file entry.cif (mmCIF, C-alpha atoms and all ligand atoms)
data_final
loop_
_atom_site.group_PDB
_atom_site.id
_atom_site.type_symbol
_atom_site.label_atom_id
_atom_site.label_comp_id
_atom_site.auth_asym_id
_atom_site.auth_seq_id
_atom_site.Cartn_x
_atom_site.Cartn_y
_atom_site.Cartn_z
ATOM 1 C CA MET A 1 2.152 -104.636 174.935
ATOM 2 C CA ASN A 2 1.826 -101.773 172.550
ATOM 3 C CA VAL A 3 -1.957 -101.250 172.518
ATOM 4 C CA ASN A 4 -1.934 -99.585 169.093
ATOM 5 C CA HIS A 5 -4.524 -101.440 166.920
ATOM 6 C CA GLN A 6 -5.168 -104.016 169.673
ATOM 7 C CA ILE A 7 -8.704 -104.906 170.810
ATOM 8 C CA VAL A 8 -9.335 -103.649 174.324
ATOM 9 C CA ALA A 9 -12.583 -104.583 176.102
ATOM 10 C CA ILE A 10 -13.562 -102.318 179.003
ATOM 11 C CA THR A 11 -16.434 -103.331 181.272
ATOM 12 C CA GLY A 12 -18.068 -100.336 182.905
ATOM 13 C CA GLY A 13 -16.468 -98.263 180.137
ATOM 14 C CA ALA A 14 -19.509 -96.004 179.755
ATOM 15 C CA SER A 15 -18.684 -93.940 182.824
ATOM 16 C CA GLY A 16 -16.081 -92.839 185.361
ATOM 17 C CA LEU A 17 -12.794 -94.745 185.582
ATOM 18 C CA GLY A 18 -13.678 -97.119 182.734
ATOM 19 C CA ALA A 19 -14.498 -94.181 180.450
ATOM 20 C CA GLY A 20 -11.230 -92.466 181.486
ATOM 21 C CA ALA A 21 -9.287 -95.573 180.487
ATOM 22 C CA ALA A 22 -11.290 -95.864 177.250
ATOM 23 C CA ARG A 23 -10.261 -92.292 176.403
ATOM 24 C CA VAL A 24 -6.555 -92.804 177.170
ATOM 25 C CA LEU A 25 -6.330 -96.143 175.352
ATOM 26 C CA SER A 26 -8.249 -94.852 172.320
ATOM 27 C CA GLN A 27 -5.756 -91.979 172.136
ATOM 28 C CA ALA A 28 -2.968 -94.607 172.203
ATOM 29 C CA GLY A 29 -4.498 -96.213 169.099
ATOM 30 C CA ALA A 30 -6.357 -99.145 170.713
ATOM 31 C CA GLN A 31 -9.619 -100.442 169.299
ATOM 32 C CA VAL A 32 -11.729 -100.034 172.440
ATOM 33 C CA VAL A 33 -14.997 -101.913 172.973
ATOM 34 C CA ILE A 34 -17.136 -100.618 175.830
ATOM 35 C CA LEU A 35 -19.159 -103.299 177.639
ATOM 36 C CA ASP A 36 -21.721 -101.751 179.961
ATOM 37 C CA ARG A 37 -25.199 -102.506 181.246
ATOM 38 C CA ASN A 38 -26.143 -98.851 180.667
ATOM 39 C CA GLU A 39 -26.618 -99.183 176.915
ATOM 40 C CA SER A 40 -27.535 -95.584 176.102
ATOM 41 C CA LEU A 41 -24.602 -94.128 178.078
ATOM 42 C CA ALA A 42 -22.261 -96.740 176.571
ATOM 43 C CA GLN A 43 -23.337 -95.697 173.048
ATOM 44 C CA GLU A 44 -22.962 -92.028 173.950
ATOM 45 C CA THR A 45 -19.415 -92.518 175.342
ATOM 46 C CA ALA A 46 -18.442 -94.710 172.378
ATOM 47 C CA LYS A 47 -19.680 -92.040 169.964
ATOM 48 C CA ILE A 48 -17.590 -89.340 171.668
ATOM 49 C CA LEU A 49 -14.481 -91.559 171.540
ATOM 50 C CA GLY A 50 -15.150 -92.885 168.017
ATOM 51 C CA THR A 51 -15.233 -96.459 169.273
ATOM 52 C CA THR A 52 -17.829 -99.238 169.761
ATOM 53 C CA ALA A 53 -20.133 -100.363 172.566
ATOM 54 C CA ILE A 54 -21.991 -103.562 173.407
ATOM 55 C CA ALA A 55 -24.731 -103.811 176.032
ATOM 56 C CA CYS A 56 -23.557 -106.278 178.683
ATOM 57 C CA ASP A 57 -24.476 -107.061 182.271
ATOM 58 C CA VAL A 58 -21.352 -108.608 183.816
ATOM 59 C CA ALA A 59 -23.476 -110.322 186.470
ATOM 60 C CA ASN A 60 -25.459 -112.215 183.816
ATOM 61 C CA GLU A 61 -23.562 -115.130 182.255
ATOM 62 C CA THR A 62 -25.631 -115.232 179.049
ATOM 63 C CA SER A 63 -25.091 -111.537 178.491
ATOM 64 C CA VAL A 64 -21.313 -111.852 179.056
ATOM 65 C CA LEU A 65 -21.003 -114.905 176.768
ATOM 66 C CA SER A 66 -22.869 -113.169 173.982
ATOM 67 C CA ALA A 67 -20.808 -109.949 174.305
ATOM 68 C CA PHE A 68 -17.465 -111.805 174.080
ATOM 69 C CA GLU A 69 -18.723 -113.957 171.169
ATOM 70 C CA LYS A 70 -19.736 -110.777 169.348
ATOM 71 C CA ILE A 71 -16.296 -109.197 169.855
ATOM 72 C CA LEU A 72 -14.534 -112.335 168.576
ATOM 73 C CA ALA A 73 -16.813 -112.698 165.556
ATOM 74 C CA GLU A 74 -16.828 -109.043 164.517
ATOM 75 C CA LEU A 75 -13.395 -107.747 165.561
ATOM 76 C CA GLY A 76 -11.126 -110.612 166.635
ATOM 77 C CA PRO A 77 -9.649 -111.732 169.965
ATOM 78 C CA VAL A 78 -9.542 -109.427 172.955
ATOM 79 C CA ARG A 79 -5.914 -108.584 173.839
ATOM 80 C CA VAL A 80 -6.614 -106.368 176.851
ATOM 81 C CA LEU A 81 -9.513 -106.665 179.290
ATOM 82 C CA LEU A 82 -10.141 -103.938 181.853
ATOM 83 C CA ASN A 83 -12.735 -105.057 184.409
ATOM 84 C CA ALA A 84 -14.000 -101.661 185.595
ATOM 85 C CA ALA A 85 -17.744 -102.393 186.004
ATOM 86 C CA GLY A 86 -18.680 -102.057 189.636
ATOM 87 C CA VAL A 87 -21.392 -101.048 192.075
ATOM 88 C CA ASP A 88 -21.465 -99.900 195.679
ATOM 89 C CA VAL A 89 -24.002 -100.142 198.467
ATOM 90 C CA ILE A 90 -23.725 -98.509 201.879
ATOM 91 C CA ALA A 91 -25.132 -100.694 204.685
ATOM 92 C CA LYS A 92 -23.896 -101.985 208.024
ATOM 93 C CA THR A 93 -23.761 -105.659 209.047
ATOM 94 C CA ALA A 94 -26.453 -105.052 211.678
ATOM 95 C CA SER A 95 -27.705 -102.149 213.777
ATOM 96 C CA ARG A 96 -30.715 -101.298 215.972
ATOM 97 C CA LYS A 97 -32.570 -100.505 212.734
ATOM 98 C CA GLY A 98 -32.129 -104.038 211.304
ATOM 99 C CA ILE A 99 -29.749 -106.316 209.421
ATOM 100 C CA HIS A 100 -27.824 -106.067 206.156
ATOM 101 C CA SER A 101 -29.934 -107.327 203.232
ATOM 102 C CA LEU A 102 -28.538 -110.634 201.985
ATOM 103 C CA ASP A 103 -29.750 -109.775 198.464
ATOM 104 C CA ASP A 104 -27.682 -106.568 198.515
ATOM 105 C CA PHE A 105 -24.635 -108.486 199.765
ATOM 106 C CA GLN A 106 -24.989 -111.123 197.056
ATOM 107 C CA HIS A 107 -25.621 -108.527 194.337
ATOM 108 C CA MET A 108 -22.372 -106.801 195.285
ATOM 109 C CA LEU A 109 -20.451 -110.077 195.009
ATOM 110 C CA ASN A 110 -22.231 -110.976 191.750
ATOM 111 C CA VAL A 111 -21.247 -107.754 189.996
ATOM 112 C CA ASN A 112 -17.892 -106.832 191.536
ATOM 113 C CA LEU A 113 -16.366 -110.272 192.063
ATOM 114 C CA THR A 114 -18.160 -112.916 189.983
ATOM 115 C CA GLY A 115 -18.669 -110.449 187.116
ATOM 116 C CA THR A 116 -14.937 -109.712 187.087
ATOM 117 C CA PHE A 117 -14.075 -113.422 187.057
ATOM 118 C CA SER A 118 -16.709 -114.221 184.433
ATOM 119 C CA CYS A 119 -15.280 -111.691 181.960
ATOM 120 C CA ALA A 120 -11.665 -112.565 182.791
ATOM 121 C CA ARG A 121 -12.067 -116.279 181.947
ATOM 122 C CA LEU A 122 -13.697 -115.530 178.563
ATOM 123 C CA ALA A 123 -11.119 -112.909 177.614
ATOM 124 C CA ALA A 124 -8.352 -115.297 178.720
ATOM 125 C CA LYS A 125 -9.706 -118.056 176.449
ATOM 126 C CA GLN A 126 -9.687 -115.716 173.444
ATOM 127 C CA MET A 127 -6.108 -114.698 174.285
ATOM 128 C CA ILE A 128 -4.996 -118.349 174.715
ATOM 129 C CA ASP A 129 -6.400 -119.213 171.276
ATOM 130 C CA ALA A 130 -4.683 -116.213 169.646
ATOM 131 C CA GLU A 131 -1.112 -115.970 168.323
ATOM 132 C CA PRO A 132 1.582 -114.458 170.572
ATOM 133 C CA LEU A 133 2.282 -110.810 169.844
ATOM 134 C CA ASP A 134 6.049 -110.770 170.381
ATOM 135 C CA ASP A 135 9.211 -112.786 171.047
ATOM 136 C CA ASP A 136 8.400 -113.106 174.776
ATOM 137 C CA GLY A 137 5.154 -114.826 173.786
ATOM 138 C CA GLU A 138 2.841 -112.194 175.265
ATOM 139 C CA ARG A 139 -0.785 -112.828 174.287
ATOM 140 C CA GLY A 140 -2.776 -110.474 176.470
ATOM 141 C CA VAL A 141 -3.282 -108.481 179.659
ATOM 142 C CA ILE A 142 -6.157 -108.635 182.134
ATOM 143 C CA ILE A 143 -6.527 -105.677 184.501
ATOM 144 C CA ASN A 144 -9.033 -105.909 187.338
ATOM 145 C CA VAL A 145 -10.286 -103.028 189.442
ATOM 146 C CA ALA A 146 -10.431 -103.484 193.203
ATOM 147 C CA SER A 147 -10.345 -100.583 195.683
ATOM 148 C CA ILE A 148 -8.392 -99.580 198.746
ATOM 149 C CA ALA A 149 -11.657 -100.670 200.428
ATOM 150 C CA GLY A 150 -10.473 -104.212 199.686
ATOM 151 C CA TYR A 151 -7.804 -103.611 202.359
ATOM 152 C CA GLU A 152 -9.382 -101.107 204.750
ATOM 153 C CA SER A 153 -13.095 -100.476 204.214
ATOM 154 C CA PRO A 154 -14.867 -97.894 206.333
ATOM 155 C CA ALA A 155 -17.968 -98.892 208.337
ATOM 156 C CA GLY A 156 -20.985 -99.401 206.075
ATOM 157 C CA GLN A 157 -18.940 -100.946 203.263
ATOM 158 C CA VAL A 158 -18.799 -104.552 204.445
ATOM 159 C CA ALA A 159 -20.221 -105.964 201.193
ATOM 160 C CA TYR A 160 -18.190 -103.676 198.931
ATOM 161 C CA GLY A 161 -15.006 -104.383 200.921
ATOM 162 C CA ALA A 162 -15.594 -108.142 200.729
ATOM 163 C CA SER A 163 -16.138 -108.010 196.961
ATOM 164 C CA LYS A 164 -12.967 -105.956 196.400
ATOM 165 C CA ALA A 165 -10.880 -108.124 198.757
ATOM 166 C CA GLY A 166 -11.993 -111.037 196.557
ATOM 167 C CA VAL A 167 -10.689 -109.267 193.447
ATOM 168 C CA ILE A 168 -7.354 -108.640 195.203
ATOM 169 C CA GLY A 169 -7.197 -112.309 196.228
ATOM 170 C CA MET A 170 -7.848 -113.490 192.662
ATOM 171 C CA THR A 171 -4.947 -111.549 191.184
ATOM 172 C CA LEU A 172 -1.972 -113.820 191.920
ATOM 173 C CA PRO A 173 -3.643 -117.207 191.299
ATOM 174 C CA MET A 174 -5.131 -115.936 188.029
ATOM 175 C CA ALA A 175 -1.719 -114.632 186.936
ATOM 176 C CA ARG A 176 -0.216 -118.038 187.794
ATOM 177 C CA ASP A 177 -3.014 -119.885 185.904
ATOM 178 C CA LEU A 178 -2.429 -117.854 182.749
ATOM 179 C CA ALA A 179 1.342 -117.269 182.831
ATOM 180 C CA LYS A 180 2.172 -120.228 180.599
ATOM 181 C CA TYR A 181 0.069 -118.660 177.828
ATOM 182 C CA GLY A 182 1.810 -115.277 178.042
ATOM 183 C CA ILE A 183 -1.145 -113.552 179.703
ATOM 184 C CA ARG A 184 -0.510 -111.094 182.537
ATOM 185 C CA VAL A 185 -3.017 -110.290 185.281
ATOM 186 C CA MET A 186 -2.858 -107.076 187.317
ATOM 187 C CA THR A 187 -5.227 -105.299 189.687
ATOM 188 C CA ILE A 188 -5.537 -101.598 190.408
ATOM 189 C CA ALA A 189 -6.827 -100.547 193.841
ATOM 190 C CA PRO A 190 -7.942 -96.917 193.431
ATOM 191 C CA GLY A 191 -8.356 -94.546 196.354
ATOM 192 C CA ALA A 192 -10.798 -91.641 195.990
ATOM 193 C CA PHE A 193 -11.564 -90.641 192.394
ATOM 194 C CA GLU A 194 -14.029 -88.138 190.992
ATOM 195 C CA THR A 195 -16.647 -90.172 189.094
ATOM 196 C CA PRO A 196 -20.459 -90.439 188.943
ATOM 197 C CA LEU A 197 -20.216 -93.322 191.484
ATOM 198 C CA THR A 198 -18.586 -91.066 194.074
ATOM 199 C CA LYS A 199 -20.815 -88.032 193.331
ATOM 200 C CA THR A 200 -23.420 -89.765 195.515
ATOM 201 C CA VAL A 201 -21.133 -89.427 198.560
ATOM 202 C CA PRO A 202 -22.036 -86.298 200.607
ATOM 203 C CA GLU A 203 -19.607 -83.390 200.101
ATOM 204 C CA GLU A 204 -18.760 -83.153 203.830
ATOM 205 C CA LEU A 205 -17.604 -86.795 203.819
ATOM 206 C CA TRP A 206 -15.429 -86.172 200.740
ATOM 207 C CA ASN A 207 -13.846 -83.170 202.422
ATOM 208 C CA GLU A 208 -13.023 -85.385 205.417
ATOM 209 C CA ILE A 209 -11.524 -88.058 203.137
ATOM 210 C CA ILE A 210 -9.495 -85.538 201.105
ATOM 211 C CA LYS A 211 -8.002 -84.195 204.370
ATOM 212 C CA GLU A 212 -6.601 -87.694 204.938
ATOM 213 C CA VAL A 213 -4.861 -87.864 201.532
ATOM 214 C CA PRO A 214 -1.163 -87.045 202.081
ATOM 215 C CA PHE A 215 -0.532 -85.860 198.492
ATOM 216 C CA PRO A 216 -2.014 -84.681 196.177
ATOM 217 C CA LYS A 217 -4.843 -83.263 198.360
ATOM 218 C CA ARG A 218 -7.678 -83.793 195.914
ATOM 219 C CA LEU A 219 -9.725 -86.528 194.265
ATOM 220 C CA GLY A 220 -8.015 -88.518 191.512
ATOM 221 C CA GLN A 221 -9.163 -88.001 187.934
ATOM 222 C CA PRO A 222 -10.292 -90.785 185.547
ATOM 223 C CA ASP A 223 -7.504 -89.906 183.080
ATOM 224 C CA GLU A 224 -4.900 -90.561 185.822
ATOM 225 C CA PHE A 225 -6.425 -94.006 186.265
ATOM 226 C CA GLY A 226 -6.419 -94.482 182.473
ATOM 227 C CA ALA A 227 -2.717 -93.575 182.341
ATOM 228 C CA LEU A 228 -1.910 -96.385 184.807
ATOM 229 C CA VAL A 229 -3.930 -98.868 182.724
ATOM 230 C CA ARG A 230 -1.917 -97.843 179.644
ATOM 231 C CA ASP A 231 1.384 -98.128 181.565
ATOM 232 C CA ILE A 232 0.478 -101.612 182.863
ATOM 233 C CA CYS A 233 -0.212 -102.722 179.280
ATOM 234 C CA CYS A 234 3.186 -101.383 178.164
ATOM 235 C CA ASN A 235 5.304 -102.802 181.003
ATOM 236 C CA LYS A 236 5.648 -106.574 180.694
ATOM 237 C CA MET A 237 7.350 -107.018 184.071
ATOM 238 C CA LEU A 238 4.138 -106.007 185.856
ATOM 239 C CA ASN A 239 2.304 -109.248 186.632
ATOM 240 C CA GLY A 240 0.381 -110.822 189.521
ATOM 241 C CA GLU A 241 0.425 -107.620 191.591
ATOM 242 C CA VAL A 242 -2.033 -105.089 193.004
ATOM 243 C CA ILE A 243 -1.127 -101.413 192.604
ATOM 244 C CA ARG A 244 -2.679 -98.871 194.944
ATOM 245 C CA LEU A 245 -3.482 -95.617 193.117
ATOM 246 C CA ASP A 246 -4.426 -93.459 196.068
ATOM 247 C CA GLY A 247 -2.023 -90.570 196.808
ATOM 248 C CA SER A 248 -0.991 -92.650 199.851
ATOM 249 C CA LEU A 249 -4.500 -92.498 201.392
ATOM 250 C CA ARG A 250 -5.094 -94.994 204.224
ATOM 251 C CA MET A 251 -8.682 -95.258 205.458
ATOM 252 C CA PHE A 252 -8.230 -96.059 209.142
ATOM 253 C CA ASN A 253 -11.101 -95.946 211.652
ATOM 254 C CA GLN A 254 -13.528 -94.117 209.355
HETATM 255 N N1 LIG B 301 -14.486 -93.740 191.972
HETATM 256 C C1 LIG B 301 -13.733 -94.161 192.969
HETATM 257 O O1 LIG B 301 -13.311 -93.383 193.840
HETATM 258 C C2 LIG B 301 -13.380 -95.619 193.074
HETATM 259 C C3 LIG B 301 -12.503 -96.003 194.105
HETATM 260 C C4 LIG B 301 -12.144 -97.343 194.199
HETATM 261 C C5 LIG B 301 -12.648 -98.270 193.301
HETATM 262 N N2 LIG B 301 -13.505 -97.874 192.327
HETATM 263 C C6 LIG B 301 -13.997 -98.910 191.424
HETATM 264 O O2 LIG B 301 -13.794 -98.501 190.088
HETATM 265 C C7 LIG B 301 -14.784 -99.085 189.243
HETATM 266 C C8 LIG B 301 -15.441 -97.972 188.433
HETATM 267 O O3 LIG B 301 -16.076 -97.082 189.325
HETATM 268 P P1 LIG B 301 -16.519 -95.615 188.900
HETATM 269 O O4 LIG B 301 -16.267 -94.740 190.068
HETATM 270 O O5 LIG B 301 -15.957 -95.281 187.573
HETATM 271 O O6 LIG B 301 -18.110 -95.826 188.804
HETATM 272 P P2 LIG B 301 -19.176 -95.366 187.702
HETATM 273 O O7 LIG B 301 -20.510 -95.599 188.338
HETATM 274 O O8 LIG B 301 -18.853 -94.018 187.178
HETATM 275 O O9 LIG B 301 -18.948 -96.429 186.548
HETATM 276 C C9 LIG B 301 -19.269 -97.769 186.718
HETATM 277 C C10 LIG B 301 -19.806 -98.293 185.415
HETATM 278 O O10 LIG B 301 -20.086 -99.689 185.606
HETATM 279 C C11 LIG B 301 -21.308 -99.964 184.977
HETATM 280 N N3 LIG B 301 -21.899 -101.153 185.589
HETATM 281 C C12 LIG B 301 -22.409 -101.287 186.842
HETATM 282 N N4 LIG B 301 -22.886 -102.522 187.016
HETATM 283 C C13 LIG B 301 -22.689 -103.182 185.861
HETATM 284 C C14 LIG B 301 -22.975 -104.497 185.416
HETATM 285 N N5 LIG B 301 -23.616 -105.383 186.199
HETATM 286 N N6 LIG B 301 -22.603 -104.856 184.162
HETATM 287 C C15 LIG B 301 -21.973 -103.957 183.338
HETATM 288 N N7 LIG B 301 -21.711 -102.698 183.699
HETATM 289 C C16 LIG B 301 -22.052 -102.311 184.950
HETATM 290 C C17 LIG B 301 -22.163 -98.724 185.176
HETATM 291 O O11 LIG B 301 -23.231 -98.662 184.248
HETATM 292 C C18 LIG B 301 -21.129 -97.627 184.980
HETATM 293 O O12 LIG B 301 -21.033 -97.233 183.627
HETATM 294 C C19 LIG B 301 -15.749 -99.806 190.180
HETATM 295 O O13 LIG B 301 -15.398 -101.172 190.226
HETATM 296 C C20 LIG B 301 -15.491 -99.161 191.525
HETATM 297 O O14 LIG B 301 -15.791 -100.029 192.586
HETATM 298 C C21 LIG B 301 -13.893 -96.571 192.193
#

call {"tool": "encode", "arguments": {"input": "entry.cif", "output": "structure tokens"}}
result
Amino acid sequence: MNVNHQIVAITGGASGLGAGAARVLSQAGAQVVILDRNESLAQETAKILGTTAIACDVANETSVLSAFEKILAELGPVRVLLNAAGVDVIAKTASRKGIHSLDDFQHMLNVNLTGTFSCARLAAKQMIDAEPLDDDGERGVIINVASIAGYESPAGQVAYGASKAGVIGMTLPMARDLAKYGIRVMTIAPGAFETPLTKTVPEELWNEIIKEVPFPKRLGQPDEFGALVRDICCNKMLNGEVIRLDGSLRMFNQ
């Protein structure tokens, strides 16, 4: 799909990878709508990019319903959804100090997995009800964000890893569900990127992780993530697959 003039909703678009994609897709002519629970940052990012923002908590169904209704009423149907909203918590299953909080585990699943699904189904419905964009009958593209932690999480990321493995597992069945309507579903599994989320990780740990990256030996940049989002939109043969974007990093025995 050529994203020029198309409506692109980006959850978590106020910051980090979502903001990187918002920048790249805006430059490609898309009409980007940032959906983020951090309303002030979302407005700030939207202002810089000359686009719009709607306050939305992906873990809250009412909030998600109202955000997608607003997009449809004010702009038209979403043609691309990037599900980049996500949170992380570091905690082990159990240790001598205690057990993993069940609330933290469920919160992780609510935002990273259920939130992704919740937005995907509403965007898909808008795409299904819209006219095809070309002779192949393409109506839209849904791009989810997992993580290489969905395959090989380090210790302390049991909840995060479970939530991202769920996103990976949703990719093929969702693509199969929506194929007859000309809607593609892809997932990106990033490795280590430089964003506000990862700034909380101690520098020594980053240096250890970067040593493990075969090439390039550095953190990825949000614009490199945004470029893959744009390329997935453009290339119609990409469907039902998870792409690792990680410089070949494999997190074994961390
Ligand atoms: N940065 C990395 O190295 C990396 C690696 C693998 C996967 N990821 C994934 O990429 C995605 C983006 O991460 P990032 O590094 O850009 O983080 P970030 O913290 O910079 O951005 C995440 C954005 O999501 C928003 N958000 C959080 N919870 C939300 C909710 N309930 N509803 C709506 N918005 C919400 C935040 O306000 C923030 O703007 C996440 O899903 C993360 O798990 C990041």

call {"tool": "residues_near_ligand", "arguments": {"input": "entry.cif", "ligand": "ligand LIG 301 (chain B)", "cutoff": "7 Å", "atoms": "only C-alpha atoms and all ligand atoms", "output": "ChimeraX atom specification"}}
result
/A:11-18,35-38,56-59,84-88,111-112,145-148,189-198

call {"tool": "resolve_selection", "arguments": {"input": "entry.cif", "expression": "the PyMOL selection byres (((chain A and resi 81) around 7) and not hetatm)", "output": "PyMOL selection string"}}
result
chain A and resi 8-10+78-80+82-83+123+141-143

call {"tool": "atom_distance", "arguments": {"input": "entry.cif", "atom1": "CA of Tyr160 in chain A", "atom2": "CA of Gly115 in chain A"}}
result
13.6 Å

call {"tool": "atom_distance", "arguments": {"input": "entry.cif", "atom1": "CA of Cys233 in chain A", "atom2": "CA of Ala175 in chain A"}}
result
14.2 Å

call {"tool": "residues_near_point", "arguments": {"input": "entry.cif", "point": "(1.5, -111.4, 172.9)", "cutoff": "9 Å", "atoms": "all atoms listed in the file", "output": "MDAnalysis selection string"}}
result
chainID A and resid 1 79 127 130:141 181:183

call {"tool": "atom_distance", "arguments": {"input": "entry.cif", "atom1": "CA of Lys47 in chain A", "atom2": "CA of Glu224 in chain A"}}
result
21.7 Å

call {"tool": "residues_around", "arguments": {"input": "entry.cif", "residues": "Asp231 in chain A", "least_positions_apart": "5", "cutoff": "12 Å", "atoms": "only C-alpha atoms", "output": "MDAnalysis selection string"}}
result
chainID A and resid 1:3 21 24:25 28 141 143 186 188 224:226 236:238 243
